[in-house]
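Below is protein_10.cif, which holds mmCIF, C-alpha atoms and all ligand atoms.
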```
data_structure
loop_
_atom_site.label_atom_id
_atom_site.label_comp_id
_atom_site.auth_asym_id
_atom_site.auth_seq_id
_atom_site.Cartn_x
_atom_site.Cartn_y
_atom_site.Cartn_z
CA MET A 1 112.25 149.93 102.46
CA ARG A 2 109.45 148.25 100.50
CA VAL A 3 111.66 147.97 97.43
CA LYS A 4 114.35 146.32 99.54
CA HIS A 5 111.83 143.80 100.89
CA PHE A 6 110.53 143.17 97.43
CA THR A 7 114.06 142.50 96.14
CA ILE A 8 114.84 140.11 98.97
CA LEU A 9 111.54 138.32 98.36
CA SER A 10 112.29 138.02 94.63
CA ILE A 11 115.70 136.55 95.33
CA LEU A 12 114.16 134.07 97.75
CA ILE A 13 111.48 133.01 95.26
CA ALA A 14 114.05 132.67 92.48
CA GLY A 15 116.23 130.63 94.83
CA VAL A 16 113.43 128.24 95.69
CA PHE A 17 112.54 127.94 92.01
CA LEU A 18 116.14 127.21 91.02
CA PHE A 19 116.44 124.73 93.86
CA SER A 20 113.35 122.81 92.67
CA PHE A 21 114.60 122.98 89.10
CA LYS A 22 117.97 121.55 90.18
CA LYS A 23 116.21 118.74 92.05
CA THR A 24 114.07 117.91 89.03
CA LYS A 25 117.14 117.96 86.81
CA GLN A 26 118.94 115.76 89.30
CA LEU A 27 116.00 113.39 89.26
CA LYS A 28 116.05 113.22 85.47
CA SER A 29 119.78 112.69 85.26
CA THR A 30 119.71 109.99 87.95
CA LYS A 31 117.69 107.68 85.79
CA ASN A 32 118.06 109.44 82.42
CA LEU A 33 114.44 108.89 81.73
CA LEU A 34 111.87 108.20 84.38
CA LYS A 35 109.70 105.20 83.81
CA THR A 36 106.91 105.92 86.28
CA GLU A 37 103.72 106.98 84.51
CA TYR A 38 101.17 105.80 87.06
CA LEU A 39 101.23 106.05 90.84
CA VAL A 40 99.07 104.65 93.61
CA VAL A 41 99.28 105.68 97.25
CA PHE A 42 97.83 102.74 99.18
CA VAL A 43 96.89 103.68 102.74
CA MET A 44 96.53 100.93 105.33
CA ASP A 45 94.43 102.74 107.92
CA GLY A 46 95.97 102.69 111.38
CA PRO A 47 98.27 99.72 111.99
CA ARG A 48 101.13 100.14 114.46
CA TYR A 49 104.69 99.87 113.22
CA THR A 50 105.22 97.19 115.90
CA GLU A 51 102.84 94.87 114.00
CA THR A 52 104.01 95.79 110.51
CA PHE A 53 107.64 96.38 109.53
CA GLY A 54 108.75 96.78 113.14
CA ASP A 55 108.11 93.07 113.68
CA THR A 56 110.83 91.45 111.59
CA SER A 57 109.11 88.05 111.66
CA TYR A 58 106.48 89.78 109.48
CA GLN A 59 103.90 87.37 110.89
CA TYR A 60 100.99 89.70 110.09
CA ILE A 61 102.32 91.06 106.78
CA PRO A 62 104.15 88.06 105.25
CA ASN A 63 103.69 89.21 101.64
CA MET A 64 104.89 92.75 102.18
CA GLY A 65 107.58 91.84 104.70
CA LYS A 66 109.08 88.90 102.88
CA LYS A 67 108.30 89.46 99.20
CA LEU A 68 107.43 93.08 98.36
CA LYS A 69 110.11 94.54 100.63
CA LYS A 70 112.71 92.89 98.38
CA GLU A 71 111.16 94.58 95.35
CA GLY A 72 111.22 98.12 96.67
CA VAL A 73 112.43 100.79 99.05
CA LEU A 74 111.39 100.69 102.69
CA TYR A 75 111.52 103.72 104.96
CA THR A 76 111.93 102.59 108.56
CA GLU A 77 111.84 106.11 110.02
CA PHE A 78 108.64 107.47 108.54
CA PHE A 79 106.20 109.60 110.55
CA ASN A 80 102.90 111.38 110.77
CA ASN A 81 104.09 114.55 112.53
CA GLY A 82 100.63 116.13 112.55
CA VAL A 83 97.28 115.07 113.96
CA THR A 84 97.22 111.27 114.11
CA HIS A 85 93.61 110.72 113.04
CA THR A 86 92.26 109.41 109.74
CA ASN A 87 91.16 112.57 107.90
CA PRO A 88 94.04 114.83 108.96
CA GLY A 89 96.48 111.97 108.30
CA HIS A 90 95.16 111.51 104.78
CA THR A 91 95.05 115.22 103.98
CA ALA A 92 98.68 115.48 105.13
CA ILE A 93 99.38 112.99 102.33
CA THR A 94 97.27 114.67 99.66
CA THR A 95 97.86 118.37 100.46
CA GLY A 96 101.33 118.23 101.99
CA VAL A 97 100.15 120.30 104.94
CA TYR A 98 99.42 119.21 108.51
CA GLN A 99 96.09 120.63 109.53
CA LYS A 100 93.79 120.15 112.51
CA LEU A 101 90.91 118.90 110.43
CA LYS A 102 87.63 117.45 111.72
CA ASN A 103 87.76 113.70 111.51
CA ASN A 104 84.11 113.14 110.53
CA GLY A 105 84.14 114.22 106.89
CA THR A 106 82.38 117.58 107.39
CA GLN A 107 85.46 119.75 106.90
CA LEU A 108 87.41 120.15 103.69
CA PRO A 109 91.17 120.76 103.84
CA LYS A 110 92.43 124.35 103.52
CA ASN A 111 94.79 123.49 100.71
CA PRO A 112 94.39 121.84 97.30
CA SER A 113 95.65 118.29 96.84
CA PHE A 114 98.23 116.87 94.47
CA PHE A 115 95.26 115.60 92.44
CA GLN A 116 93.98 119.14 91.87
CA TYR A 117 97.41 120.58 91.02
CA TYR A 118 98.00 117.72 88.60
CA LEU A 119 94.60 118.04 86.89
CA LYS A 120 94.94 121.80 86.50
CA GLU A 121 98.51 121.99 85.28
CA LYS A 122 98.31 118.98 82.97
CA LYS A 123 94.85 119.99 81.76
CA ALA A 124 94.08 116.33 82.33
CA ASP A 125 90.76 114.55 82.30
CA LYS A 126 89.13 113.95 85.71
CA ASN A 127 89.29 110.24 85.05
CA THR A 128 93.09 110.28 85.31
CA CYS A 129 92.76 110.76 89.07
CA TRP A 130 90.82 108.52 91.45
CA ILE A 131 90.25 108.13 95.18
CA ILE A 132 88.89 104.73 96.24
CA SER A 133 88.14 104.41 99.95
CA SER A 134 86.50 102.07 102.45
CA LYS A 135 85.74 105.13 104.57
CA GLY A 136 83.09 107.42 103.09
CA LYS A 137 84.33 110.42 105.08
CA LEU A 138 87.51 110.46 103.00
CA HIS A 139 85.56 112.14 100.18
CA VAL A 140 87.12 115.33 101.64
CA LEU A 141 90.38 114.37 99.92
CA ALA A 142 88.84 115.26 96.57
CA ASN A 143 88.18 118.92 97.35
CA THR A 144 89.39 121.96 99.28
CA LYS A 145 87.96 124.98 101.08
CA ASN A 146 90.42 127.25 99.25
CA SER A 147 88.12 129.58 97.27
CA GLU A 148 90.39 129.58 94.20
CA TRP A 149 90.23 125.79 94.01
CA ASN A 150 86.93 124.78 95.63
CA ASN A 151 84.94 122.38 93.38
CA GLN A 152 87.52 122.75 90.62
CA TYR A 153 89.95 120.21 89.20
CA THR A 154 88.48 117.58 91.51
CA PRO A 155 89.45 113.93 91.01
CA ASN A 156 86.96 111.10 90.63
CA LYS A 157 86.10 109.27 93.82
CA PHE A 158 84.35 106.24 95.18
CA CYS A 159 84.23 106.52 98.98
CA GLY A 160 82.17 104.29 101.24
CA PRO A 161 79.38 101.83 100.31
CA ASP A 162 78.02 102.65 96.82
CA GLY A 163 80.29 105.68 96.91
CA ASN A 164 77.91 107.45 99.33
CA ASP A 165 80.67 109.62 100.87
CA LYS A 166 79.64 108.87 104.45
CA ASP A 167 79.43 105.32 105.76
CA TYR A 168 82.06 102.62 106.15
CA VAL A 169 82.34 99.48 104.07
CA GLY A 170 84.48 96.34 104.41
CA ASP A 171 87.78 96.04 102.58
CA ALA A 172 86.59 93.02 100.54
CA TYR A 173 84.05 95.32 98.90
CA THR A 174 86.67 98.03 98.34
CA ASN A 175 88.96 95.42 96.87
CA GLU A 176 86.26 94.55 94.33
CA LYS A 177 85.83 98.24 93.53
CA ILE A 178 89.59 98.52 92.98
CA ASN A 179 89.36 95.78 90.42
CA GLU A 180 86.41 97.46 88.72
CA ILE A 181 87.55 101.07 88.87
CA TYR A 182 91.34 100.98 88.87
CA PHE A 183 91.96 98.38 86.19
CA LYS A 184 89.23 99.80 83.97
CA ASN A 185 90.35 103.44 84.12
CA HIS A 186 94.10 103.12 84.66
CA PRO A 187 94.33 106.45 86.51
CA LYS A 188 97.66 108.29 86.51
CA LEU A 189 97.28 109.15 90.20
CA CYS A 190 95.24 107.15 92.67
CA LEU A 191 94.78 106.94 96.44
CA ILE A 192 93.30 103.87 98.08
CA ASN A 193 92.20 103.52 101.72
CA MET A 194 91.39 100.27 103.52
CA LEU A 195 89.93 100.42 107.03
CA GLY A 196 89.77 96.91 108.53
CA VAL A 197 92.78 97.22 110.80
CA ASP A 198 91.65 100.54 112.28
CA VAL A 199 88.04 99.50 112.81
CA ASN A 200 89.01 96.28 114.61
CA GLY A 201 91.39 98.25 116.81
CA HIS A 202 88.59 100.59 117.91
CA GLU A 203 86.38 97.55 118.52
CA LYS A 204 89.06 96.26 120.96
CA ASN A 205 89.33 93.20 118.77
CA TRP A 206 93.01 92.18 118.85
CA GLU A 207 92.37 89.01 116.82
CA GLY A 208 90.36 90.96 114.22
CA TYR A 209 93.08 93.63 114.09
CA LYS A 210 95.71 91.00 113.26
CA ARG A 211 93.40 89.17 110.82
CA CYS A 212 92.70 92.41 108.91
CA LEU A 213 96.41 93.15 108.70
CA LYS A 214 96.92 89.76 107.07
CA GLU A 215 93.99 90.44 104.72
CA ILE A 216 95.25 93.85 103.62
CA ASP A 217 98.70 92.33 103.13
CA GLN A 218 97.09 89.84 100.76
CA TYR A 219 95.03 92.50 98.93
CA ILE A 220 98.12 94.65 98.39
CA TYR A 221 100.16 91.71 97.15
CA GLN A 222 97.44 90.68 94.70
CA PHE A 223 97.03 94.29 93.59
CA TRP A 224 100.75 94.56 92.80
CA GLN A 225 100.69 91.27 90.90
CA LYS A 226 97.67 92.37 88.91
CA ILE A 227 99.43 95.63 88.02
CA GLN A 228 102.33 93.59 86.64
CA GLN A 229 99.91 91.54 84.53
CA ASP A 230 98.21 94.61 83.07
CA PRO A 231 99.73 95.54 79.70
CA ILE A 232 99.15 99.27 80.27
CA LEU A 233 100.41 99.46 83.87
CA LYS A 234 103.19 96.90 83.84
CA ASN A 235 106.68 98.33 84.54
CA LYS A 236 105.25 101.86 84.52
CA THR A 237 103.46 101.94 87.84
CA ALA A 238 104.66 102.92 91.29
CA LEU A 239 102.86 101.63 94.37
CA TRP A 240 103.58 103.50 97.61
CA ILE A 241 102.21 101.71 100.65
CA THR A 242 101.84 103.82 103.78
CA ASN A 243 99.57 104.64 106.74
CA ASP A 244 97.61 107.64 107.92
CA HIS A 245 98.68 107.05 111.53
CA GLY A 246 99.67 104.31 113.97
CA ARG A 247 98.10 103.59 117.37
CA HIS A 248 99.10 104.06 121.02
CA LEU A 249 102.00 101.98 122.24
CA ASP A 250 101.23 99.18 124.69
CA GLY A 251 101.07 100.58 128.21
CA HIS A 252 100.15 104.07 126.96
CA LYS A 253 96.45 104.97 127.44
CA ASP A 254 94.37 102.10 125.95
CA GLY A 255 97.17 100.75 123.75
CA PHE A 256 96.28 99.39 120.31
CA ILE A 257 92.58 100.33 120.69
CA SER A 258 92.95 104.08 120.04
CA HIS A 259 95.15 106.71 118.48
CA GLY A 260 95.28 110.46 118.03
CA ASP A 261 98.08 111.84 120.20
CA LYS A 262 101.78 112.34 119.64
CA CYS A 263 103.08 109.12 121.24
CA LEU A 264 105.62 107.23 119.17
CA GLY A 265 103.08 104.47 118.44
CA CYS A 266 100.67 106.95 116.86
CA ARG A 267 103.31 108.90 114.93
CA LYS A 268 105.56 106.11 113.66
CA ILE A 269 104.34 104.58 110.41
CA SER A 270 106.10 103.26 107.30
CA LEU A 271 106.49 103.76 103.58
CA LEU A 272 107.23 100.95 101.16
CA ALA A 273 107.72 102.20 97.61
CA LEU A 274 107.62 99.80 94.67
CA GLY A 275 108.05 100.82 91.08
CA PRO A 276 110.27 101.07 88.04
CA ASP A 277 112.24 104.07 89.34
CA HIS A 278 112.95 102.65 92.80
CA SER A 279 115.78 100.39 93.96
CA LYS A 280 115.00 96.84 94.98
CA GLY A 281 115.51 95.72 98.57
CA LYS A 282 116.73 99.09 99.82
CA ILE A 283 116.20 100.23 103.41
CA ILE A 284 116.25 103.96 104.10
CA THR A 285 116.76 105.12 107.67
CA LYS A 286 116.63 108.83 106.88
CA GLU A 287 113.69 110.41 108.64
CA ARG A 288 110.83 111.34 106.33
CA GLU A 289 107.18 112.16 106.89
CA LEU A 290 103.68 112.06 105.37
CA ILE A 291 103.77 115.57 103.88
CA ASP A 292 106.85 114.62 101.81
CA ILE A 293 104.72 112.27 99.68
CA SER A 294 102.88 115.10 97.87
CA LYS A 295 106.05 117.06 97.10
CA THR A 296 107.74 113.95 95.77
CA ILE A 297 104.76 113.12 93.54
CA SER A 298 104.82 116.69 92.17
CA VAL A 299 108.51 116.38 91.25
CA LEU A 300 108.06 112.90 89.80
CA PHE A 301 105.08 113.92 87.66
CA GLN A 302 106.55 117.37 86.99
CA PHE A 303 103.87 119.75 88.15
CA SER A 304 104.15 122.52 90.71
CA MET A 305 102.66 122.23 94.17
CA PRO A 306 103.56 125.49 95.93
CA THR A 307 101.37 124.93 98.98
CA SER A 308 102.92 121.59 99.92
CA LYS A 309 105.22 121.94 102.93
CA GLY A 310 106.81 118.55 102.26
CA LYS A 311 110.31 117.84 100.97
CA PHE A 312 111.31 115.95 97.87
CA MET A 313 112.54 112.47 98.84
CA GLU A 314 115.39 112.39 96.35
CA GLU A 315 116.92 109.22 97.86
CA LEU A 316 113.87 107.32 96.66
CA PHE A 317 115.22 107.61 93.12
CA SER A 318 118.92 107.00 93.64
CA THR A 319 120.33 103.76 92.34
CA ASN A 320 122.69 103.05 95.24
ZN ZN A 401 90.89 105.12 113.97
ZN ZN A 402 99.30 107.51 120.85
#
```
Can the structure from this file be put into structure tokens for me?
Amino acid sequence: MRVKHFTILSILIAGVFLFSFKKTKQLKSTKNLLKTEYLVVFVMDGPRYTETFGDTSYQYIPNMGKKLKKEGVLYTEFFNNGVTHTNPGHTAITTGVYQKLKNNGTQLPKNPSFFQYYLKEKKADKNTCWIISSKGKLHVLANTKNSEWNNQYTPNKFCGPDGNDKDYVGDAYTNEKINEIYFKNHPKLCLINMLGVDVNGHEKNWEGYKRCLKEIDQYIYQFWQKIQQDPILKNKTALWITNDHGRHLDGHKDGFISHGDKCLGCRKISLLALGPDHSKGKIITKERELIDISKTISVLFQFSMPTSKGKFMEELFSTN
């Protein structure tokens, strides 16, 4: 009986392995040679889809909506299908697993992140991976509770004011740190968080919420332009712009002020992917979700990430 189970298990494992291999091969053959060598996941903390790509006047995100959208691939059916708070939303991105994680920065995720898998398998220097965050509590993204991985293969981080791993700091400060840290170190994998939109939402400040959306739109646009002016990063860097969660729909609970449940406003987010291996001006309506980001990064950078429950977003690399 045991032997039979073992055989079935082996076949299953081999099948999964072959499937991933086929996908990777497919990915290689699609573009012959992939050009992406650097990747940044830029997280705009907590805007609603109705104020970002769901508003086709793009009044609050004119740079992304009118300029960057034409340069990349936009997913219009992209979701956080787990807990719609900051820390669990971000760890869904980095670990590829939805987990009910404390939102205050005192609990590490159960599973290792794509940073840790990358650093281990590539035997890469810590400096090739960076987390830069306005929210100090996002230091949890750099580590895991998993005893085989805890405190090992951890990326570099600068989270919160002076990198203190606890407090919050304005996005203008984080933007300066991006310029200092990112363009000095040229990390292969980087995650950036900016908080202004979320904080103004919680403060019931509708004007501030909209103003911060416009600001982050500007920061992201400038960041992309600066990447294109950098001789090392130019034409080799992918920038994936997404969110950790949305916020309640109008008329549901307190509307834009809060988030955290499974209403469409909280779950529906977006992904705009720019980079040398992505089509320009392509809209994808296929449903995808936050956990798929980690799996797709692992295929793109060719390392294994067995604990990620996400799927490889192969359409992100097709030329049609
Ligand atoms: Zn929030
Ligand atoms: Zn909600």
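From CA of Pro47 in chain A back to CA of Ile257 in chain A, the distance works out to 10.4 Å.
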- [ ] Please identify all polymer residues within 12 Å of Tyr60 in chain A, counting only C-alpha atoms, omitting same-chain residues fewer than 5 positions from it, and present them as number ranges by chain.
- [x] A: 47-55, 65-66, 197, 207-218
TODO: Write out as a ChimeraX atom specification each polymer residue (protein, DNA or RNA) that has an atom no more than 7 Å from ligand ZN 401 (chain A), with only C-alpha atoms and all ligand atoms counted.
DONE: /A:46,85-86,198-199,202,258-259
How would the residues just chosen look if you wrote them out with C-alpha atoms as a PDB file, in the coordinates of the input?
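Generated file (part_32.pdb):
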```pdb
ATOM      1  CA  GLY A  46      95.970 102.690 111.380  1.00  0.00           C
ATOM      2  CA  HIS A  85      93.610 110.720 113.040  1.00  0.00           C
ATOM      3  CA  THR A  86      92.260 109.410 109.740  1.00  0.00           C
ATOM      4  CA  ASP A 198      91.650 100.540 112.280  1.00  0.00           C
ATOM      5  CA  VAL A 199      88.040  99.500 112.810  1.00  0.00           C
ATOM      6  CA  HIS A 202      88.590 100.590 117.910  1.00  0.00           C
ATOM      7  CA  SER A 258      92.950 104.080 120.040  1.00  0.00           C
ATOM      8  CA  HIS A 259      95.150 106.710 118.480  1.00  0.00           C
TER       9      HIS A 259
END
```
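Nearest to ligand ZN 402 (chain A) of all the residues A:Ile131, A:Leu239, A:Ile269, A:Leu249 is A:Leu249, counting all atoms listed in the file.
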At most 12 Å is the cut-off: for each residue in chain A with any atom that close to an atom of ligand ZN 402 (chain A), write down the nearest atom pair and the distance in Å rounded to one decimal, counting only C-alpha atoms and all ligand atoms, chain first then increasing number, as a Markdown table.
```
| residue | atom | partner | partner_atom | distance |
| --- | --- | --- | --- | --- |
| A:Gly46 | CA | A:ZN402 | ZN | 11.1 |
| A:Pro47 | CA | A:ZN402 | ZN | 11.8 |
| A:Arg48 | CA | A:ZN402 | ZN | 9.9 |
| A:Asn80 | CA | A:ZN402 | ZN | 11.4 |
| A:Asn81 | CA | A:ZN402 | ZN | 11.9 |
| A:Val83 | CA | A:ZN402 | ZN | 10.4 |
| A:Thr84 | CA | A:ZN402 | ZN | 8.0 |
| A:His85 | CA | A:ZN402 | ZN | 10.2 |
| A:His245 | CA | A:ZN402 | ZN | 9.4 |
| A:Gly246 | CA | A:ZN402 | ZN | 7.6 |
| A:Arg247 | CA | A:ZN402 | ZN | 5.4 |
| A:His248 | CA | A:ZN402 | ZN | 3.5 |
| A:Leu249 | CA | A:ZN402 | ZN | 6.3 |
| A:Asp250 | CA | A:ZN402 | ZN | 9.4 |
| A:Gly251 | CA | A:ZN402 | ZN | 10.3 |
| A:His252 | CA | A:ZN402 | ZN | 7.1 |
| A:Lys253 | CA | A:ZN402 | ZN | 7.6 |
| A:Asp254 | CA | A:ZN402 | ZN | 8.9 |
| A:Gly255 | CA | A:ZN402 | ZN | 7.7 |
| A:Phe256 | CA | A:ZN402 | ZN | 8.7 |
| A:Ile257 | CA | A:ZN402 | ZN | 9.8 |
| A:Ser258 | CA | A:ZN402 | ZN | 7.3 |
| A:His259 | CA | A:ZN402 | ZN | 4.8 |
| A:Gly260 | CA | A:ZN402 | ZN | 5.7 |
| A:Asp261 | CA | A:ZN402 | ZN | 4.5 |
| A:Lys262 | CA | A:ZN402 | ZN | 5.6 |
| A:Cys263 | CA | A:ZN402 | ZN | 4.1 |
| A:Leu264 | CA | A:ZN402 | ZN | 6.5 |
| A:Gly265 | CA | A:ZN402 | ZN | 5.4 |
| A:Cys266 | CA | A:ZN402 | ZN | 4.3 |
| A:Arg267 | CA | A:ZN402 | ZN | 7.3 |
| A:Lys268 | CA | A:ZN402 | ZN | 9.6 |
| A:Ile269 | CA | A:ZN402 | ZN | 12.0 |
```
TODO: Find the residues near Asn193 in chain A: any atom within 7 Å, counting only C-alpha atoms, skip ones fewer than 3 places away on the same chain, and give them as a ChimeraX atom specification.
DONE: /A:42-45,132-134
TODO: Using only C-alpha atoms, pick whichever of A:Gly89, A:Gly275, A:Pro306, A:Gly160 has the shortest atom-to-atom distance to Leu68 in chain A.
DONE: A:Gly275
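In this structure, CA of Lys184 in chain A sits 26.9 Å away from CA of Thr144 in chain A.
In this comparison, which uses all atoms listed in the file, the residue of A:Thr319, A:Ile220, A:Val97, A:Ala142 approaching Gly281 in chain A most closely is A:Thr319.
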- [ ] Take CA of Pro155 in chain A and CA of Thr242 in chain A and report the distance between them in Å, one decimal.
- [x] 20.5 Å
TODO: Excluding range 163-170 of chain A and any residue of its chain fewer than 4 positions from it, enumerate the residues within 9 Å of it, using only C-alpha atoms, and give them as JSON, numbers by chain.
DONE: {"A": [104, 105, 132, 133, 134, 135, 136, 137, 138, 139, 140, 157, 158, 159, 174, 175, 194, 195, 196]}
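Between Phe114 in chain A and the residues A:Thr76, A:Asn146, A:Gln229, A:Thr296, the shortest atom-to-atom distance, using all atoms listed in the file, involves A:Thr296.
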Task: Closest of A:Tyr221, A:Tyr58, A:Phe78, A:Tyr117 to Asn143 in chain A - atom-to-atom distances counting all atoms listed in the file - done: A:Tyr117
Open item on the list: as number ranges by chain, please: the residues near Met305 in chain A (cut-off 12 Å, all atoms listed in the file, same-chain neighbours under 4 positions excluded).
Closed with: A: 17, 20, 94-97, 111-121, 291-301, 309-312
May I have the residues from that selection written out with C-alpha atoms, as a PDB file, keeping the file's coordinate frame?
```pdb
ATOM      1  CA  PHE A  17     112.540 127.940  92.010  1.00  0.00           C
ATOM      2  CA  SER A  20     113.350 122.810  92.670  1.00  0.00           C
ATOM      3  CA  THR A  94      97.270 114.670  99.660  1.00  0.00           C
ATOM      4  CA  THR A  95      97.860 118.370 100.460  1.00  0.00           C
ATOM      5  CA  GLY A  96     101.330 118.230 101.990  1.00  0.00           C
ATOM      6  CA  VAL A  97     100.150 120.300 104.940  1.00  0.00           C
ATOM      7  CA  ASN A 111      94.790 123.490 100.710  1.00  0.00           C
ATOM      8  CA  PRO A 112      94.390 121.840  97.300  1.00  0.00           C
ATOM      9  CA  SER A 113      95.650 118.290  96.840  1.00  0.00           C
ATOM     10  CA  PHE A 114      98.230 116.870  94.470  1.00  0.00           C
ATOM     11  CA  PHE A 115      95.260 115.600  92.440  1.00  0.00           C
ATOM     12  CA  GLN A 116      93.980 119.140  91.870  1.00  0.00           C
ATOM     13  CA  TYR A 117      97.410 120.580  91.020  1.00  0.00           C
ATOM     14  CA  TYR A 118      98.000 117.720  88.600  1.00  0.00           C
ATOM     15  CA  LEU A 119      94.600 118.040  86.890  1.00  0.00           C
ATOM     16  CA  LYS A 120      94.940 121.800  86.500  1.00  0.00           C
ATOM     17  CA  GLU A 121      98.510 121.990  85.280  1.00  0.00           C
ATOM     18  CA  ILE A 291     103.770 115.570 103.880  1.00  0.00           C
ATOM     19  CA  ASP A 292     106.850 114.620 101.810  1.00  0.00           C
ATOM     20  CA  ILE A 293     104.720 112.270  99.680  1.00  0.00           C
ATOM     21  CA  SER A 294     102.880 115.100  97.870  1.00  0.00           C
ATOM     22  CA  LYS A 295     106.050 117.060  97.100  1.00  0.00           C
ATOM     23  CA  THR A 296     107.740 113.950  95.770  1.00  0.00           C
ATOM     24  CA  ILE A 297     104.760 113.120  93.540  1.00  0.00           C
ATOM     25  CA  SER A 298     104.820 116.690  92.170  1.00  0.00           C
ATOM     26  CA  VAL A 299     108.510 116.380  91.250  1.00  0.00           C
ATOM     27  CA  LEU A 300     108.060 112.900  89.800  1.00  0.00           C
ATOM     28  CA  PHE A 301     105.080 113.920  87.660  1.00  0.00           C
ATOM     29  CA  LYS A 309     105.220 121.940 102.930  1.00  0.00           C
ATOM     30  CA  GLY A 310     106.810 118.550 102.260  1.00  0.00           C
ATOM     31  CA  LYS A 311     110.310 117.840 100.970  1.00  0.00           C
ATOM     32  CA  PHE A 312     111.310 115.950  97.870  1.00  0.00           C
TER      33      PHE A 312
END
```
Can you tell me, as a short mmCIF file (atom, residue, chain, number, x, y, z; two decimals) with C-alpha atoms, keeping the file's coordinate frame, what residues are no more than 8 Å from Asn127 in chain A when counting all atoms listed in the file, ignoring any on the same chain fewer than 5 positions away?
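Full text of out-v4.cif as output:
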```
data_model
loop_
_atom_site.label_atom_id
_atom_site.label_comp_id
_atom_site.auth_asym_id
_atom_site.auth_seq_id
_atom_site.Cartn_x
_atom_site.Cartn_y
_atom_site.Cartn_z
CA PRO A 155 89.45 113.93 91.01
CA ASN A 156 86.96 111.10 90.63
CA ASN A 185 90.35 103.44 84.12
CA PRO A 187 94.33 106.45 86.51
#
```
